[in-house]
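Working notes, beginning with the structure itself.
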Amino acid sequence: MTGATGNVGRHVVGQLLAAGAAVRALTRDPAAARLPAEAEVVGGDLTRPETVEPALKDVSALFLFPSPGTAGPVLRAAKEHGVRRVVLLSSSAVEYSTEGADNAIVAYHKEIEREVEKSGLEWTFVRPGAFAVNSLQWAPQIRADGVVRGPYAEAEMAPIHERDIADVAARLLLTDGHAGAKYVLTGPESLTQAEQARRIGEAVGRPVRYEELAPEVAREQMIRDQVPAEFADMLLDFQAGLVGVPADVTATVEEVTGRPARTLDEWAADHAADFR
Ligand SMILES: NC(=O)c1ccc[n+]([C@@H]2O[C@H](COP(=O)([O-])OP(=O)(O)OC[C@H]3O[C@@H](n4cnc5c(N)ncnc54)[C@H](OP(=O)(O)O)[C@@H]3O)[C@@H](O)[C@H]2O)c1
């Protein structure tokens, strides 16, 4: 398990342990990992493949976190150590990209997918859309006065619960029949940012509203908050394209796990304490 301490990976570890699998979890900082005692936690950094290699010994299946520019050597070491299967956390941005017009995020996910395809391992791509957990960035504003100030209130997405991504990934790591699949995962409904904020308010137990900022004001704010200008522009471009366009909703979570994807209301209930 790489990315084992992340929003998704932490739940994958839990699912694998619950299924009785032996789990080795890689992290740059084992002392801070806070993973279950049943997991074997090892130190390693994907940007320094030689630190990852020892962790690949006796591994049958690898969950690969997409760290830019790192996949090739890690996958070659995995092949040498006899790893059979890799499940890559990728992004639906790859699915919807236009060749020749890729932003930096699409480009690095594509590059890692290509490395996985040529690795000689049995592979499956997990391509989630927008994570519901992204809205934790609104928590300070919601705690302060219940007003989320941001761009494009009417931008639509189908936010997915990190547990659903993890349930799918754990299933793919443990069962046959998914080799070569590229699974686009979404939450169960398309919601505007304004509606997402309102639903979080319902879970928290007080009104929350989304106050739209002009894109140039939102950009200035992001740059003040240390977001690199290039990333701010990418995010704004991306959200502008989502205004008034219902997000695609896939049934893949249910097809793979047998249970429908969790709603944003369920996600907000799970995270209500983070917004109080
Ligand atoms: N947010 C979205 O809407 C969205 C949508 C589609 C796809 N995605 C994909 O999902 C990813 C985020 O997943 P997440 O939220 O589960 O992750 P996260 O909470 O941001 O955690 C990052 C994980 O990656 C590990 N990691 C990062 N760099 C590493 C390195 N150099 N060596 C070893 N481990 C490293 C971290 O481990 P340690 O810190 O313990 O070392 C941690 O477990 C994005 O990067 C993107 O690829 C996100």
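Chain labels follow the order of the structure tokens: the first chain is A, the next B, and so on; residue numbering restarts at 1 in every chain, and ligands are counted from 1 in their shown order.
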Problem set entry | All residues 8 Å or closer to Ala261 (chain A), only C-alpha atoms, same chain fewer than 4 positions away omitted, as a ChimeraX atom specification | /A:160-161,164,186-188,251,253-254
Exercise. Got a sec: who's within 6 Å of region 18-30 of chain A, counting only C-alpha atoms, leaving out chain neighbours fewer than 3 positions off, as an NGL selection string?
Worked result: :A and (1-2 or 4 or 15 or 33 or 39-45)
Once you have the residues from the selection above, write them out as a compact mmCIF listing (two decimals), in the first residue's frame, restricted to C-alpha atoms.
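The new file part-v9.txt reads:
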```
# COMPACT_ATOMS: atom_id res chain seq x y z
CA MET A 1 0.00 0.00 0.00
CA THR A 2 1.46 3.29 -1.08
CA ALA A 4 -1.66 4.34 2.85
CA GLN A 15 -10.78 -2.93 4.12
CA ALA A 33 1.17 7.17 10.28
CA ALA A 39 -0.61 -3.34 9.34
CA GLU A 40 3.15 -3.54 8.86
CA VAL A 41 4.19 0.11 8.55
CA VAL A 42 7.45 0.78 6.68
CA GLY A 43 9.33 3.95 5.79
CA GLY A 44 9.86 4.91 2.16
CA ASP A 45 9.57 7.78 -0.29
```
For this session: Check region 14-239 of chain A with DSSP on the backbone and list each residue it calls helix (DSSP H, G or I), as number ranges by chain.
Result: A: 14-18, 30-32, 49-56, 71-80, 92-95, 104-117, 132-145, 162-174, 193-204, 215-224, 229-239
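Considering the residues A:Ala144, A:Ala130, A:Leu88, A:Leu136 and counting only C-alpha atoms and all ligand atoms, ligand 1 has its shortest atom-to-atom contact with A:Ala130.
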For this session: For ligand 1, list the contacting residues at 8 Å or closer, counting only C-alpha atoms and all ligand atoms, as a PyMOL selection string.
Result: chain A and resi 2-10+26-30+32-33+44-48+65-67+89-93+105+109+127-134+159+162
Write out, as a CSV table (one decimal), in the first residue's frame, the residues just selected, with N, CA and C atoms.
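As a result, out_21.csv now contains:
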```csv
chain,number,residue,atom,x,y,z
A,2,THR,N,0.9,2.0,-1.1
A,2,THR,CA,1.5,3.3,-1.1
A,2,THR,C,0.3,4.2,-0.9
A,3,GLY,N,0.5,5.5,-0.5
A,3,GLY,CA,-0.6,6.4,-0.2
A,3,GLY,C,-1.5,5.9,1.0
A,4,ALA,N,-0.9,5.0,1.8
A,4,ALA,CA,-1.7,4.3,2.9
A,4,ALA,C,-2.2,5.3,3.9
A,5,THR,N,-1.6,6.4,4.1
A,5,THR,CA,-2.1,7.4,5.1
A,5,THR,C,-3.0,8.4,4.6
A,6,GLY,N,-3.3,8.3,3.3
A,6,GLY,CA,-4.1,9.3,2.6
A,6,GLY,C,-5.6,9.1,2.9
A,7,ASN,N,-6.4,10.1,2.4
A,7,ASN,CA,-7.9,10.0,2.5
A,7,ASN,C,-8.4,8.6,2.1
A,8,VAL,N,-7.9,8.2,0.9
A,8,VAL,CA,-8.4,7.0,0.3
A,8,VAL,C,-7.6,5.8,0.9
A,9,GLY,N,-6.3,5.9,0.9
A,9,GLY,CA,-5.5,4.7,1.3
A,9,GLY,C,-5.8,4.2,2.7
A,10,ARG,N,-6.0,5.1,3.6
A,10,ARG,CA,-6.3,4.7,5.0
A,10,ARG,C,-7.5,3.7,5.0
A,26,LEU,N,3.3,1.8,3.2
A,26,LEU,CA,4.5,2.6,3.0
A,26,LEU,C,4.2,4.1,3.4
A,27,THR,N,5.0,4.7,4.1
A,27,THR,CA,4.8,6.2,4.4
A,27,THR,C,6.2,6.8,4.6
A,28,ARG,N,6.2,8.1,4.3
A,28,ARG,CA,7.5,8.9,4.5
A,28,ARG,C,7.8,9.0,6.0
A,29,ASP,N,6.7,8.9,6.8
A,29,ASP,CA,6.9,9.2,8.3
A,29,ASP,C,6.1,8.1,9.1
A,30,PRO,N,6.8,7.0,9.3
A,30,PRO,CA,6.1,5.9,10.1
A,30,PRO,C,5.6,6.4,11.4
A,32,ALA,N,4.3,9.1,12.3
A,32,ALA,CA,3.0,9.9,12.2
A,32,ALA,C,1.9,9.1,11.5
A,33,ALA,N,2.1,7.8,11.2
A,33,ALA,CA,1.2,7.2,10.3
A,33,ALA,C,-0.2,6.9,10.9
A,44,GLY,N,9.4,4.9,3.6
A,44,GLY,CA,9.9,4.9,2.2
A,44,GLY,C,9.3,6.1,1.5
A,45,ASP,N,10.0,6.6,0.4
A,45,ASP,CA,9.6,7.8,-0.3
A,45,ASP,C,9.5,7.4,-1.8
A,46,LEU,N,8.4,7.6,-2.4
A,46,LEU,CA,8.2,7.3,-3.8
A,46,LEU,C,9.2,8.0,-4.7
A,47,THR,N,9.6,9.2,-4.3
A,47,THR,CA,10.6,10.0,-5.1
A,47,THR,C,12.0,9.5,-5.0
A,48,ARG,N,12.2,8.5,-4.1
A,48,ARG,CA,13.5,7.8,-3.9
A,48,ARG,C,13.2,6.3,-4.0
A,65,PHE,N,-0.1,4.9,-5.4
A,65,PHE,CA,-0.5,6.3,-5.3
A,65,PHE,C,0.3,7.1,-6.4
A,66,PRO,N,-0.5,8.0,-7.1
A,66,PRO,CA,0.2,8.6,-8.3
A,66,PRO,C,1.0,9.8,-7.9
A,67,SER,N,2.3,9.5,-7.6
A,67,SER,CA,3.2,10.6,-7.2
A,67,SER,C,4.0,11.0,-8.5
A,89,LEU,N,-4.3,4.5,-8.3
A,89,LEU,CA,-5.2,5.6,-8.1
A,89,LEU,C,-4.9,6.6,-9.1
A,90,SER,N,-5.9,6.8,-10.0
A,90,SER,CA,-5.7,7.8,-11.1
A,90,SER,C,-6.7,8.9,-11.0
A,91,SER,N,-7.3,9.4,-12.1
A,91,SER,CA,-8.2,10.5,-12.0
A,91,SER,C,-9.1,10.5,-13.2
A,92,SER,N,-10.4,10.8,-13.0
A,92,SER,CA,-11.3,10.9,-14.2
A,92,SER,C,-10.9,12.0,-15.1
A,93,ALA,N,-10.1,12.9,-14.7
A,93,ALA,CA,-9.6,14.0,-15.6
A,93,ALA,C,-9.0,13.4,-16.8
A,105,ILE,N,-2.2,18.5,-14.2
A,105,ILE,CA,-2.8,17.3,-13.5
A,105,ILE,C,-3.1,16.2,-14.4
A,109,HIS,N,-1.1,12.3,-14.5
A,109,HIS,CA,-1.8,11.1,-14.3
A,109,HIS,C,-1.7,10.2,-15.6
A,127,ARG,N,-10.3,5.6,-11.6
A,127,ARG,CA,-10.3,7.0,-12.0
A,127,ARG,C,-11.4,7.7,-11.4
A,128,PRO,N,-11.2,8.2,-10.1
A,128,PRO,CA,-12.3,8.9,-9.5
A,128,PRO,C,-12.5,10.4,-10.0
A,129,GLY,N,-13.7,10.9,-9.9
A,129,GLY,CA,-13.9,12.3,-10.1
A,129,GLY,C,-13.7,13.0,-8.8
A,130,ALA,N,-14.3,14.2,-8.7
A,130,ALA,CA,-14.1,15.1,-7.5
A,130,ALA,C,-14.3,14.4,-6.2
A,131,PHE,N,-13.4,14.5,-5.3
A,131,PHE,CA,-13.6,13.9,-4.0
A,131,PHE,C,-14.5,14.8,-3.1
A,132,ALA,N,-15.5,14.2,-2.4
A,132,ALA,CA,-16.3,15.0,-1.5
A,132,ALA,C,-15.4,15.7,-0.4
A,133,VAL,N,-14.3,15.0,-0.1
A,133,VAL,CA,-13.4,15.4,1.0
A,133,VAL,C,-12.7,16.8,0.6
A,134,ASN,N,-12.7,17.1,-0.7
A,134,ASN,CA,-12.2,18.5,-1.1
A,134,ASN,C,-12.9,19.6,-0.4
A,159,PRO,N,-19.7,14.6,-6.3
A,159,PRO,CA,-18.6,14.3,-5.3
A,159,PRO,C,-18.7,12.8,-4.8
A,162,GLU,N,-14.7,9.2,-0.1
A,162,GLU,CA,-13.4,8.5,-0.1
A,162,GLU,C,-13.5,7.0,0.2
```
Exercise. Neighbours of Gly120 (chain A) within 12 Å (only C-alpha atoms; same-chain residues fewer than 5 positions away dropped), as a list in words?
Worked result: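 That gives Gly72, Leu75, Arg76, Ala77, Ala78, Lys79, Glu80, Gly82, Val83, Arg84, Arg85, Val86, Arg114, Glu115, Ala179 and Gly180 of chain A.
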For this session: Just the residues within 10 Å of Ala273 (chain A), please, counting only C-alpha atoms, with nothing from its chain fewer than 4 positions along; format it as a PyMOL selection string.
Result: chain A and resi 139+203-204+268-269
Problem set entry | Residue with smallest distance to Val217 (chain A) - pool A:Lys110, A:Arg149, A:His11, A:Lys118, counting only C-alpha atoms |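 Closest residue, counting only C-alpha atoms: A:Arg149.
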For this session: Go through A:Val13, A:Ala155, A:Gln193, A:Glu216 and flag the residue nearest Gly244 (chain A), using only C-alpha atoms for the distances.
Result: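 Of A:Val13, A:Ala155, A:Gln193, A:Glu216, the one nearest Gly244 (chain A), counting only C-alpha atoms, is A:Ala155.
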Problem set entry | strand (DSSP E or B) positions in region 25-76 of chain A, given as a PyMOL selection string | chain A and resi 25-27+40-43+61-64
Dump as a short mmCIF file (atom, residue, chain, number, x, y, z; two decimals), in the first residue's frame, selection limited to all heavy atoms:
```cif
data_model
loop_
_atom_site.label_atom_id
_atom_site.label_comp_id
_atom_site.auth_asym_id
_atom_site.auth_seq_id
_atom_site.Cartn_x
_atom_site.Cartn_y
_atom_site.Cartn_z
N ALA A 25 2.29 -1.16 4.67
CA ALA A 25 1.92 0.22 4.36
C ALA A 25 3.16 1.09 4.32
O ALA A 25 3.92 1.15 5.28
CB ALA A 25 0.95 0.75 5.41
N LEU A 26 3.34 1.78 3.18
CA LEU A 26 4.52 2.64 3.01
C LEU A 26 4.16 4.08 3.37
O LEU A 26 3.11 4.58 2.97
CB LEU A 26 4.97 2.58 1.56
CG LEU A 26 6.24 3.35 1.23
CD1 LEU A 26 7.43 2.38 1.24
CD2 LEU A 26 6.15 4.03 -0.13
N THR A 27 5.02 4.75 4.08
CA THR A 27 4.83 6.16 4.41
C THR A 27 6.19 6.82 4.56
O THR A 27 7.17 6.16 4.91
CB THR A 27 4.02 6.33 5.72
OG1 THR A 27 4.07 7.71 6.12
CG2 THR A 27 4.55 5.48 6.85
N GLU A 40 1.70 -3.72 8.71
CA GLU A 40 3.15 -3.54 8.86
C GLU A 40 3.50 -2.19 8.23
O GLU A 40 3.34 -2.01 7.02
CB GLU A 40 3.88 -4.67 8.12
CG GLU A 40 5.39 -4.56 8.19
CD GLU A 40 6.08 -5.52 7.21
OE1 GLU A 40 5.42 -6.42 6.64
OE2 GLU A 40 7.29 -5.32 7.00
N VAL A 41 3.92 -1.25 9.05
CA VAL A 41 4.19 0.11 8.55
C VAL A 41 5.69 0.24 8.28
O VAL A 41 6.50 -0.05 9.16
CB VAL A 41 3.73 1.17 9.57
CG1 VAL A 41 4.04 2.58 9.07
CG2 VAL A 41 2.22 1.02 9.84
N VAL A 42 6.03 0.65 7.02
CA VAL A 42 7.45 0.78 6.68
C VAL A 42 7.72 2.17 6.11
O VAL A 42 6.85 2.77 5.49
CB VAL A 42 7.91 -0.30 5.66
CG1 VAL A 42 7.80 -1.69 6.26
CG2 VAL A 42 7.12 -0.20 4.36
N GLY A 43 8.94 2.64 6.31
CA GLY A 43 9.33 3.95 5.79
C GLY A 43 9.75 3.85 4.34
O GLY A 43 10.33 2.84 3.92
N ALA A 61 0.10 -7.84 -4.47
CA ALA A 61 -0.67 -6.79 -5.14
C ALA A 61 -0.28 -5.43 -4.57
O ALA A 61 -0.12 -5.28 -3.36
CB ALA A 61 -2.16 -7.03 -4.95
N LEU A 62 -0.14 -4.47 -5.47
CA LEU A 62 0.35 -3.13 -5.08
C LEU A 62 -0.73 -2.09 -5.35
O LEU A 62 -1.26 -2.01 -6.46
CB LEU A 62 1.60 -2.81 -5.92
CG LEU A 62 2.13 -1.38 -5.93
CD1 LEU A 62 2.69 -1.00 -4.56
CD2 LEU A 62 3.22 -1.23 -7.00
N PHE A 63 -1.04 -1.27 -4.34
CA PHE A 63 -1.88 -0.08 -4.53
C PHE A 63 -0.91 1.06 -4.77
O PHE A 63 -0.09 1.37 -3.91
CB PHE A 63 -2.75 0.18 -3.30
CG PHE A 63 -3.58 1.44 -3.39
CD1 PHE A 63 -4.79 1.44 -4.08
CD2 PHE A 63 -3.16 2.62 -2.79
CE1 PHE A 63 -5.57 2.59 -4.17
CE2 PHE A 63 -3.93 3.78 -2.88
CZ PHE A 63 -5.14 3.77 -3.57
N LEU A 64 -0.99 1.67 -5.96
CA LEU A 64 -0.02 2.70 -6.32
C LEU A 64 -0.65 4.08 -6.25
O LEU A 64 -1.62 4.38 -6.95
CB LEU A 64 0.53 2.43 -7.72
CG LEU A 64 1.66 3.35 -8.17
CD1 LEU A 64 2.89 3.21 -7.26
CD2 LEU A 64 2.06 3.06 -9.62
#
```
